[in-house]
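Note: the block below is entry.cif and it holds mmCIF, N, CA and C atoms.
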data_data
#
loop_
_atom_site.label_atom_id
_atom_site.label_comp_id
_atom_site.auth_asym_id
_atom_site.auth_seq_id
_atom_site.Cartn_x
_atom_site.Cartn_y
_atom_site.Cartn_z
N SER A 11 96.61 61.02 155.96
CA SER A 11 97.01 59.80 155.29
C SER A 11 95.80 59.21 154.58
N PHE A 12 96.01 58.75 153.37
CA PHE A 12 94.93 58.20 152.57
C PHE A 12 95.20 56.75 152.25
N GLY A 13 94.14 56.00 152.07
CA GLY A 13 94.27 54.61 151.69
C GLY A 13 94.80 54.49 150.28
N HIS A 14 95.18 53.30 149.92
CA HIS A 14 95.76 53.10 148.61
C HIS A 14 94.75 53.23 147.48
N HIS A 15 93.46 53.31 147.79
CA HIS A 15 92.43 53.44 146.77
C HIS A 15 92.18 54.90 146.40
N GLN A 16 92.62 55.82 147.22
CA GLN A 16 92.36 57.23 146.95
C GLN A 16 93.64 57.95 146.59
N PRO A 17 93.52 58.90 145.67
CA PRO A 17 94.70 59.73 145.38
C PRO A 17 94.95 60.68 146.54
N ASN A 18 96.14 61.17 146.63
CA ASN A 18 96.50 62.17 147.63
C ASN A 18 95.64 63.41 147.40
N THR A 19 95.26 64.13 148.46
CA THR A 19 94.40 65.31 148.30
C THR A 19 95.05 66.36 147.42
N LEU A 20 96.35 66.40 147.35
CA LEU A 20 97.01 67.38 146.50
C LEU A 20 96.74 67.09 145.03
N ASP A 21 96.41 65.85 144.71
CA ASP A 21 96.14 65.47 143.33
C ASP A 21 94.68 65.67 142.94
N ARG A 22 93.83 65.94 143.93
CA ARG A 22 92.40 66.06 143.67
C ARG A 22 91.98 67.52 143.67
N PRO A 23 91.16 67.92 142.71
CA PRO A 23 90.60 69.27 142.79
C PRO A 23 89.57 69.33 143.90
N GLU A 24 89.46 70.47 144.54
CA GLU A 24 88.48 70.62 145.62
C GLU A 24 87.09 70.68 145.01
N ARG A 25 86.16 69.90 145.56
CA ARG A 25 84.80 69.83 145.02
C ARG A 25 83.84 70.50 145.98
N VAL A 26 83.76 71.79 145.92
CA VAL A 26 82.91 72.55 146.82
C VAL A 26 81.45 72.50 146.37
N GLU A 27 81.20 72.36 145.08
CA GLU A 27 79.83 72.41 144.58
C GLU A 27 78.96 71.28 145.13
N ASN A 28 79.55 70.18 145.58
CA ASN A 28 78.78 69.07 146.13
C ASN A 28 78.82 69.02 147.65
N SER A 29 79.36 70.02 148.28
CA SER A 29 79.45 70.04 149.74
C SER A 29 78.10 70.34 150.37
N VAL A 30 77.84 69.68 151.48
CA VAL A 30 76.62 69.93 152.24
C VAL A 30 77.01 70.82 153.41
N THR A 31 76.45 72.01 153.45
CA THR A 31 76.78 72.95 154.52
C THR A 31 75.61 73.17 155.48
N ASP A 32 74.40 72.81 155.06
CA ASP A 32 73.23 72.97 155.90
C ASP A 32 73.17 71.79 156.89
N PRO A 33 73.24 72.06 158.21
CA PRO A 33 73.25 70.96 159.18
C PRO A 33 71.98 70.12 159.16
N HIS A 34 70.83 70.72 158.84
CA HIS A 34 69.58 69.96 158.78
C HIS A 34 69.59 68.98 157.60
N LEU A 35 70.11 69.44 156.47
CA LEU A 35 70.22 68.56 155.31
C LEU A 35 71.24 67.46 155.58
N ALA A 36 72.34 67.81 156.23
CA ALA A 36 73.36 66.81 156.56
C ALA A 36 72.76 65.72 157.45
N ARG A 37 72.00 66.13 158.45
CA ARG A 37 71.36 65.15 159.34
C ARG A 37 70.39 64.28 158.58
N GLN A 38 69.59 64.88 157.71
CA GLN A 38 68.63 64.12 156.91
C GLN A 38 69.36 63.11 156.02
N LEU A 39 70.43 63.51 155.39
CA LEU A 39 71.18 62.61 154.52
C LEU A 39 71.82 61.45 155.29
N LEU A 40 72.29 61.75 156.49
CA LEU A 40 72.96 60.72 157.28
C LEU A 40 71.99 59.76 157.98
N THR A 41 70.74 60.17 158.16
CA THR A 41 69.79 59.32 158.87
C THR A 41 68.75 58.67 157.96
N SER A 42 68.83 58.90 156.65
CA SER A 42 67.81 58.37 155.75
C SER A 42 68.20 57.11 154.97
N PRO A 43 69.44 56.62 155.02
CA PRO A 43 69.77 55.44 154.21
C PRO A 43 68.98 54.21 154.65
N LYS A 44 68.70 53.37 153.68
CA LYS A 44 68.03 52.09 153.94
C LYS A 44 69.01 50.94 153.80
N LEU A 45 70.24 51.24 153.34
CA LEU A 45 71.28 50.25 153.15
C LEU A 45 72.62 50.98 153.14
N ILE A 46 73.62 50.40 153.80
CA ILE A 46 74.98 50.95 153.78
C ILE A 46 75.87 49.92 153.09
N VAL A 47 76.63 50.38 152.10
CA VAL A 47 77.55 49.50 151.37
C VAL A 47 78.92 50.15 151.34
N GLY A 48 79.94 49.38 151.66
CA GLY A 48 81.31 49.87 151.57
C GLY A 48 82.20 48.78 151.00
N PHE A 49 82.77 49.01 149.83
CA PHE A 49 83.69 48.05 149.23
C PHE A 49 85.08 48.63 149.30
N HIS A 50 85.88 48.08 150.19
CA HIS A 50 87.23 48.57 150.48
C HIS A 50 87.17 50.07 150.81
N PRO A 51 86.38 50.44 151.82
CA PRO A 51 86.21 51.85 152.14
C PRO A 51 87.35 52.48 152.96
N ASP A 52 88.42 51.73 153.19
CA ASP A 52 89.59 52.24 153.91
C ASP A 52 89.21 52.82 155.26
N GLU A 53 89.55 54.09 155.53
CA GLU A 53 89.30 54.68 156.84
C GLU A 53 87.82 54.74 157.21
N ALA A 54 86.94 54.62 156.24
CA ALA A 54 85.50 54.69 156.50
C ALA A 54 84.87 53.33 156.83
N THR A 55 85.67 52.27 156.91
CA THR A 55 85.12 50.94 157.17
C THR A 55 84.33 50.90 158.47
N GLU A 56 84.96 51.27 159.56
CA GLU A 56 84.28 51.22 160.85
C GLU A 56 83.10 52.19 160.91
N PRO A 57 83.23 53.43 160.43
CA PRO A 57 82.07 54.32 160.43
C PRO A 57 80.89 53.79 159.60
N CYS A 58 81.16 53.08 158.50
CA CYS A 58 80.06 52.48 157.73
C CYS A 58 79.27 51.52 158.60
N ILE A 59 79.98 50.66 159.32
CA ILE A 59 79.31 49.68 160.18
C ILE A 59 78.63 50.37 161.34
N ASP A 60 79.31 51.32 161.97
CA ASP A 60 78.72 52.03 163.11
C ASP A 60 77.44 52.77 162.71
N LEU A 61 77.44 53.41 161.54
CA LEU A 61 76.25 54.12 161.08
C LEU A 61 75.11 53.14 160.83
N ALA A 62 75.40 52.02 160.17
CA ALA A 62 74.36 51.02 159.91
C ALA A 62 73.78 50.48 161.22
N LEU A 63 74.65 50.21 162.19
CA LEU A 63 74.16 49.71 163.48
C LEU A 63 73.32 50.76 164.20
N ALA A 64 73.76 52.01 164.16
CA ALA A 64 73.01 53.08 164.82
C ALA A 64 71.64 53.28 164.19
N LEU A 65 71.58 53.17 162.86
CA LEU A 65 70.31 53.36 162.14
C LEU A 65 69.50 52.07 162.04
N ARG A 66 70.13 50.96 162.43
CA ARG A 66 69.49 49.65 162.33
C ARG A 66 69.06 49.34 160.90
N VAL A 67 69.99 49.55 159.97
CA VAL A 67 69.75 49.25 158.56
C VAL A 67 70.75 48.19 158.10
N PRO A 68 70.37 47.39 157.12
CA PRO A 68 71.28 46.38 156.61
C PRO A 68 72.54 47.01 156.02
N PHE A 69 73.60 46.23 156.02
CA PHE A 69 74.85 46.72 155.44
C PHE A 69 75.66 45.56 154.90
N ALA A 70 76.56 45.91 154.00
CA ALA A 70 77.57 44.98 153.49
C ALA A 70 78.85 45.79 153.34
N VAL A 71 79.89 45.36 154.04
CA VAL A 71 81.17 46.07 154.02
C VAL A 71 82.27 45.06 153.76
N CYS A 72 83.11 45.37 152.82
CA CYS A 72 84.26 44.53 152.50
C CYS A 72 85.50 45.28 152.97
N PRO A 73 85.95 45.00 154.21
CA PRO A 73 87.10 45.74 154.76
C PRO A 73 88.38 45.49 153.96
N CYS A 74 89.25 46.45 154.02
CA CYS A 74 90.53 46.31 153.33
C CYS A 74 91.66 46.67 154.28
N CYS A 75 92.07 47.91 154.26
CA CYS A 75 93.23 48.36 155.02
C CYS A 75 92.89 48.53 156.50
N VAL A 76 93.87 48.23 157.36
CA VAL A 76 93.66 48.26 158.80
C VAL A 76 94.01 49.62 159.41
N PHE A 77 95.06 50.27 158.96
CA PHE A 77 95.51 51.57 159.45
C PHE A 77 95.73 51.60 160.97
N PRO A 78 96.56 50.72 161.52
CA PRO A 78 96.75 50.70 162.98
C PRO A 78 97.31 52.00 163.55
N SER A 79 98.13 52.72 162.80
CA SER A 79 98.68 53.97 163.33
C SER A 79 97.64 55.08 163.39
N LEU A 80 96.62 55.01 162.52
CA LEU A 80 95.54 56.01 162.55
C LEU A 80 94.49 55.70 163.60
N PHE A 81 94.38 54.43 164.00
CA PHE A 81 93.34 54.01 164.94
C PHE A 81 93.94 53.19 166.08
N PRO A 82 94.82 53.79 166.88
CA PRO A 82 95.45 53.03 167.97
C PRO A 82 94.47 52.65 169.08
N HIS A 83 93.28 53.25 169.10
CA HIS A 83 92.28 52.91 170.11
C HIS A 83 91.60 51.57 169.83
N ARG A 84 91.71 51.07 168.61
CA ARG A 84 91.13 49.76 168.29
C ARG A 84 91.95 48.68 168.97
N ARG A 85 91.30 47.92 169.83
CA ARG A 85 92.00 46.88 170.59
C ARG A 85 91.24 45.57 170.50
N ILE A 86 92.00 44.50 170.43
CA ILE A 86 91.44 43.16 170.49
C ILE A 86 92.39 42.31 171.33
N ASP A 87 91.88 41.60 172.28
CA ASP A 87 92.70 40.77 173.17
C ASP A 87 93.84 41.57 173.82
N GLY A 88 93.58 42.85 174.12
CA GLY A 88 94.55 43.67 174.82
C GLY A 88 95.62 44.32 173.96
N HIS A 89 95.61 44.08 172.66
CA HIS A 89 96.63 44.72 171.83
C HIS A 89 95.98 45.50 170.68
N VAL A 90 96.75 46.40 170.10
CA VAL A 90 96.27 47.23 169.00
C VAL A 90 95.93 46.34 167.81
N VAL A 91 94.82 46.62 167.18
CA VAL A 91 94.42 45.88 165.98
C VAL A 91 95.39 46.27 164.86
N ALA A 92 96.23 45.31 164.46
CA ALA A 92 97.25 45.61 163.47
C ALA A 92 97.17 44.73 162.23
N SER A 93 96.49 43.59 162.33
CA SER A 93 96.41 42.68 161.18
C SER A 93 94.99 42.69 160.62
N TYR A 94 94.87 42.24 159.40
CA TYR A 94 93.56 42.14 158.76
C TYR A 94 92.62 41.22 159.54
N ASN A 95 93.12 40.06 159.96
CA ASN A 95 92.28 39.13 160.71
C ASN A 95 91.84 39.72 162.05
N ASP A 96 92.72 40.44 162.72
CA ASP A 96 92.33 41.12 163.96
C ASP A 96 91.27 42.19 163.69
N PHE A 97 91.41 42.89 162.58
CA PHE A 97 90.44 43.92 162.21
C PHE A 97 89.06 43.29 162.00
N LEU A 98 89.02 42.16 161.31
CA LEU A 98 87.75 41.46 161.11
C LEU A 98 87.15 41.06 162.45
N ARG A 99 87.95 40.50 163.34
CA ARG A 99 87.46 40.09 164.66
C ARG A 99 86.94 41.31 165.44
N TYR A 100 87.68 42.41 165.40
CA TYR A 100 87.29 43.64 166.07
C TYR A 100 85.91 44.11 165.57
N LEU A 101 85.75 44.13 164.26
CA LEU A 101 84.49 44.59 163.68
C LEU A 101 83.35 43.62 164.00
N LEU A 102 83.62 42.33 163.95
CA LEU A 102 82.58 41.33 164.25
C LEU A 102 82.08 41.44 165.69
N HIS A 103 82.91 41.95 166.60
CA HIS A 103 82.49 42.11 168.00
C HIS A 103 81.48 43.24 168.19
N LYS A 104 81.24 44.02 167.16
CA LYS A 104 80.32 45.15 167.28
C LYS A 104 78.85 44.71 167.40
N HIS A 105 78.52 43.53 166.90
CA HIS A 105 77.14 43.05 166.99
C HIS A 105 77.14 41.53 166.91
N PRO A 106 76.39 40.88 167.81
CA PRO A 106 76.41 39.41 167.85
C PRO A 106 75.81 38.74 166.62
N LYS A 107 75.01 39.46 165.85
CA LYS A 107 74.38 38.85 164.67
C LYS A 107 75.09 39.23 163.36
N MET A 108 76.22 39.90 163.47
CA MET A 108 76.94 40.25 162.25
C MET A 108 77.44 38.97 161.58
N ARG A 109 77.30 38.93 160.27
CA ARG A 109 77.68 37.75 159.50
C ARG A 109 78.97 38.02 158.72
N GLN A 110 79.61 36.94 158.33
CA GLN A 110 80.85 37.03 157.57
C GLN A 110 80.74 36.10 156.37
N GLY A 111 81.11 36.59 155.21
CA GLY A 111 81.11 35.78 154.00
C GLY A 111 82.39 36.02 153.22
N THR A 112 82.56 35.26 152.17
CA THR A 112 83.73 35.40 151.32
C THR A 112 83.27 35.62 149.89
N LEU A 113 83.75 36.70 149.29
CA LEU A 113 83.44 36.98 147.89
C LEU A 113 84.34 36.13 147.01
N SER A 114 83.85 35.74 145.86
CA SER A 114 84.59 34.80 145.01
C SER A 114 85.53 35.53 144.05
N PHE A 115 86.52 36.19 144.61
CA PHE A 115 87.60 36.73 143.79
C PHE A 115 88.90 36.54 144.55
N HIS A 116 89.99 36.56 143.83
CA HIS A 116 91.30 36.38 144.42
C HIS A 116 92.18 37.55 144.01
N SER A 117 93.12 37.90 144.86
CA SER A 117 94.00 39.02 144.53
C SER A 117 94.97 38.59 143.44
N LYS A 118 95.35 39.54 142.62
CA LYS A 118 96.30 39.29 141.54
C LYS A 118 97.64 38.83 142.11
N ALA A 119 98.00 39.38 143.26
CA ALA A 119 99.28 39.00 143.89
C ALA A 119 99.28 37.53 144.25
N ASN A 120 98.14 37.02 144.76
CA ASN A 120 98.08 35.60 145.12
C ASN A 120 98.15 34.71 143.89
N VAL A 121 97.50 35.13 142.81
CA VAL A 121 97.51 34.34 141.58
C VAL A 121 98.92 34.27 141.03
N GLN A 122 99.68 35.35 141.17
CA GLN A 122 101.04 35.40 140.65
C GLN A 122 102.07 34.92 141.67
N GLY A 123 101.62 34.36 142.77
CA GLY A 123 102.55 33.83 143.76
C GLY A 123 103.03 34.84 144.78
N GLY A 124 102.39 36.00 144.84
CA GLY A 124 102.78 37.02 145.81
C GLY A 124 102.28 36.68 147.20
N ALA A 125 102.66 37.50 148.15
CA ALA A 125 102.31 37.23 149.55
C ALA A 125 101.06 37.97 150.01
N ALA A 126 100.50 38.83 149.18
CA ALA A 126 99.35 39.62 149.60
C ALA A 126 98.12 38.75 149.78
N ASP A 127 97.28 39.10 150.76
CA ASP A 127 96.04 38.39 150.99
C ASP A 127 94.94 39.04 150.17
N ALA A 128 94.03 38.23 149.66
CA ALA A 128 92.85 38.78 149.00
C ALA A 128 91.96 39.39 150.07
N ARG A 129 91.55 40.60 149.88
CA ARG A 129 90.65 41.25 150.82
C ARG A 129 89.22 41.01 150.33
N ASN A 130 88.80 39.76 150.41
CA ASN A 130 87.51 39.37 149.85
C ASN A 130 86.51 38.93 150.91
N THR A 131 86.73 39.32 152.13
CA THR A 131 85.78 39.04 153.20
C THR A 131 84.74 40.15 153.25
N VAL A 132 83.50 39.76 153.38
CA VAL A 132 82.42 40.74 153.50
C VAL A 132 81.74 40.53 154.85
N LEU A 133 81.54 41.62 155.57
CA LEU A 133 80.79 41.61 156.82
C LEU A 133 79.44 42.23 156.51
N TYR A 134 78.37 41.61 157.02
CA TYR A 134 77.06 42.11 156.65
C TYR A 134 76.00 41.74 157.68
N MET A 135 74.91 42.47 157.60
CA MET A 135 73.71 42.15 158.37
C MET A 135 72.51 42.39 157.48
N LEU A 136 71.50 41.54 157.63
CA LEU A 136 70.26 41.62 156.87
C LEU A 136 69.18 42.25 157.75
N PRO A 137 68.08 42.69 157.16
CA PRO A 137 67.02 43.33 157.98
C PRO A 137 66.59 42.47 159.18
N GLU A 138 66.48 41.15 158.97
CA GLU A 138 66.01 40.30 160.05
C GLU A 138 67.01 40.19 161.20
N ASP A 139 68.26 40.55 160.96
CA ASP A 139 69.26 40.51 162.01
C ASP A 139 69.04 41.60 163.07
N PHE A 140 68.22 42.58 162.75
CA PHE A 140 67.97 43.67 163.68
C PHE A 140 66.72 43.45 164.53
N THR A 141 65.98 42.39 164.28
CA THR A 141 64.80 42.12 165.08
C THR A 141 65.22 41.56 166.43
N ASP A 142 64.50 41.94 167.45
CA ASP A 142 64.73 41.44 168.81
C ASP A 142 66.14 41.72 169.34
N THR A 143 66.75 42.83 168.93
CA THR A 143 68.05 43.20 169.49
C THR A 143 67.94 44.62 170.03
N LEU A 144 68.78 44.92 170.98
CA LEU A 144 68.77 46.25 171.59
C LEU A 144 69.82 47.17 171.03
N THR A 145 70.72 46.69 170.14
CA THR A 145 71.77 47.55 169.59
C THR A 145 71.37 48.16 168.30
#
Any chance you could give the structure as structure tokens?
Amino acid sequence: SFGHHQPNTLDRPERVENSVTDPHLARQLLTSPKLIVGFHPDEATEPCIDLALALRVPFAVCPCCVFPSLFPHRRIDGHVVASYNDFLRYLLHKHPKMRQGTLSFHSKANVQGGAADARNTVLYMLPEDFTDTLT
């Protein structure tokens, strides 16, 4: 299952020329970032934050889709994370110094009177947020 931002894999040509097959290079690429950014990264939202926390590097992630059926292990207050607000709370529990902000844009659906929520919340940490912490 793919998020609404990505085309179905059947619609995409396979891109083998950019694949990393060397495990040493893969490790180097995954451990060398100095900043992690994810703007509506769909299924990669939590891994973006987890990688940044593991590497202790700043990040900014603007979560979008929750995908409760793909991630039934995500729990908040004893129930499966199913709403956007629950997803934000779940992610914020990953680190006590994680910050939350609001980007200044609104969804087209809200402007036109629709019921959709603007996914304009950004979760982030700055370099100084990693000082004096054990995570």
Using all atoms listed in the file, which protein or nucleic acid residues come within 6 Å of region 36-47 of chain A? Drop anything in the same chain fewer than 3 positions from it, and give the result as a compact mmCIF listing (two decimals) with N, CA and C atoms, in the coordinates of the input.
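Saved result, part_35.txt, follows:
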# COMPACT_ATOMS: atom_id res chain seq x y z
N ASP A 32 74.40 72.81 155.06
CA ASP A 32 73.23 72.97 155.90
C ASP A 32 73.17 71.79 156.89
N PRO A 33 73.24 72.06 158.21
CA PRO A 33 73.25 70.96 159.18
C PRO A 33 71.98 70.12 159.16
N VAL A 67 69.99 49.55 159.97
CA VAL A 67 69.75 49.25 158.56
C VAL A 67 70.75 48.19 158.10
N PRO A 68 70.37 47.39 157.12
CA PRO A 68 71.28 46.38 156.61
C PRO A 68 72.54 47.01 156.02
N PHE A 69 73.60 46.23 156.02
CA PHE A 69 74.85 46.72 155.44
C PHE A 69 75.66 45.56 154.90
N ALA A 70 76.56 45.91 154.00
CA ALA A 70 77.57 44.98 153.49
C ALA A 70 78.85 45.79 153.34
N VAL A 71 79.89 45.36 154.04
CA VAL A 71 81.17 46.07 154.02
C VAL A 71 82.27 45.06 153.76
For Val76 (chain A), which residue among A:Leu35, A:Glu53, A:Met108, A:Ile59 is the nearest when counting all atoms listed in the file?
-> A:Glu53
Decode the PyMOL selection byres (((chain A and resi 101-106 and name CA) around 9) and name CA) for the given file into explicit residues and return them as a tab-separated table (two decimals) with N, CA and C atoms, in the coordinates of the input.
chain	number	residue	atom	x	y	z
A	56	GLU	N	84.96	51.27	159.56
A	56	GLU	CA	84.28	51.22	160.85
A	56	GLU	C	83.10	52.19	160.91
A	59	ILE	N	79.98	50.66	159.32
A	59	ILE	CA	79.31	49.68	160.18
A	59	ILE	C	78.63	50.37	161.34
A	60	ASP	N	79.31	51.32	161.97
A	60	ASP	CA	78.72	52.03	163.11
A	60	ASP	C	77.44	52.77	162.71
A	63	LEU	N	74.65	50.21	162.19
A	63	LEU	CA	74.16	49.71	163.48
A	63	LEU	C	73.32	50.76	164.20
A	96	ASP	N	92.72	40.44	162.72
A	96	ASP	CA	92.33	41.12	163.96
A	96	ASP	C	91.27	42.19	163.69
A	97	PHE	N	91.41	42.89	162.58
A	97	PHE	CA	90.44	43.92	162.21
A	97	PHE	C	89.06	43.29	162.00
A	98	LEU	N	89.02	42.16	161.31
A	98	LEU	CA	87.75	41.46	161.11
A	98	LEU	C	87.15	41.06	162.45
A	99	ARG	N	87.95	40.50	163.34
A	99	ARG	CA	87.46	40.09	164.66
A	99	ARG	C	86.94	41.31	165.44
A	100	TYR	N	87.68	42.41	165.40
A	100	TYR	CA	87.29	43.64	166.07
A	100	TYR	C	85.91	44.11	165.57
A	107	LYS	N	75.01	39.46	165.85
A	107	LYS	CA	74.38	38.85	164.67
A	107	LYS	C	75.09	39.23	163.36
A	108	MET	N	76.22	39.90	163.47
A	108	MET	CA	76.94	40.25	162.25
A	108	MET	C	77.44	38.97	161.58
A	109	ARG	N	77.30	38.93	160.27
A	109	ARG	CA	77.68	37.75	159.50
A	109	ARG	C	78.97	38.02	158.72
A	110	GLN	N	79.61	36.94	158.33
A	110	GLN	CA	80.85	37.03	157.57
A	110	GLN	C	80.74	36.10	156.37
A	133	LEU	N	81.54	41.62	155.57
A	133	LEU	CA	80.79	41.61	156.82
A	133	LEU	C	79.44	42.23	156.51
A	145	THR	N	70.72	46.69	170.14
A	145	THR	CA	71.77	47.55	169.59
A	145	THR	C	71.37	48.16	168.30
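CA of Phe49 (chain A) is found 27.8 Å from CA of His34 (chain A).
Here CA of Cys72 (chain A) stands at a distance of 15.0 Å from CA of Leu136 (chain A).
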Pick out the closest residue to Ala54 (chain A) from this set: A:Tyr134, A:Phe81, A:Phe115, A:Phe140. Count only C-alpha atoms.
-> A:Phe81
As a check of understanding: the span from atom N of Leu65 (chain A) to CA of Val132 (chain A) is 19.0 Å
Across A:Val30, A:Ser114, A:Pro73, A:Asn95, the smallest distance to Gly48 (chain A), with only N, CA and C atoms counted, is shown by A:Pro73
Once 6 Å is added on each side, what centre and edge lengths in Å to one decimal does the axis-aligned box around all listed atoms of region 70-85 of chain A have, as lines of an AutoDock Vina configuration file?
center_x = 87.6
center_y = 50.3
center_z = 161.5
size_x = 34.1
size_y = 23.5
size_z = 30.1
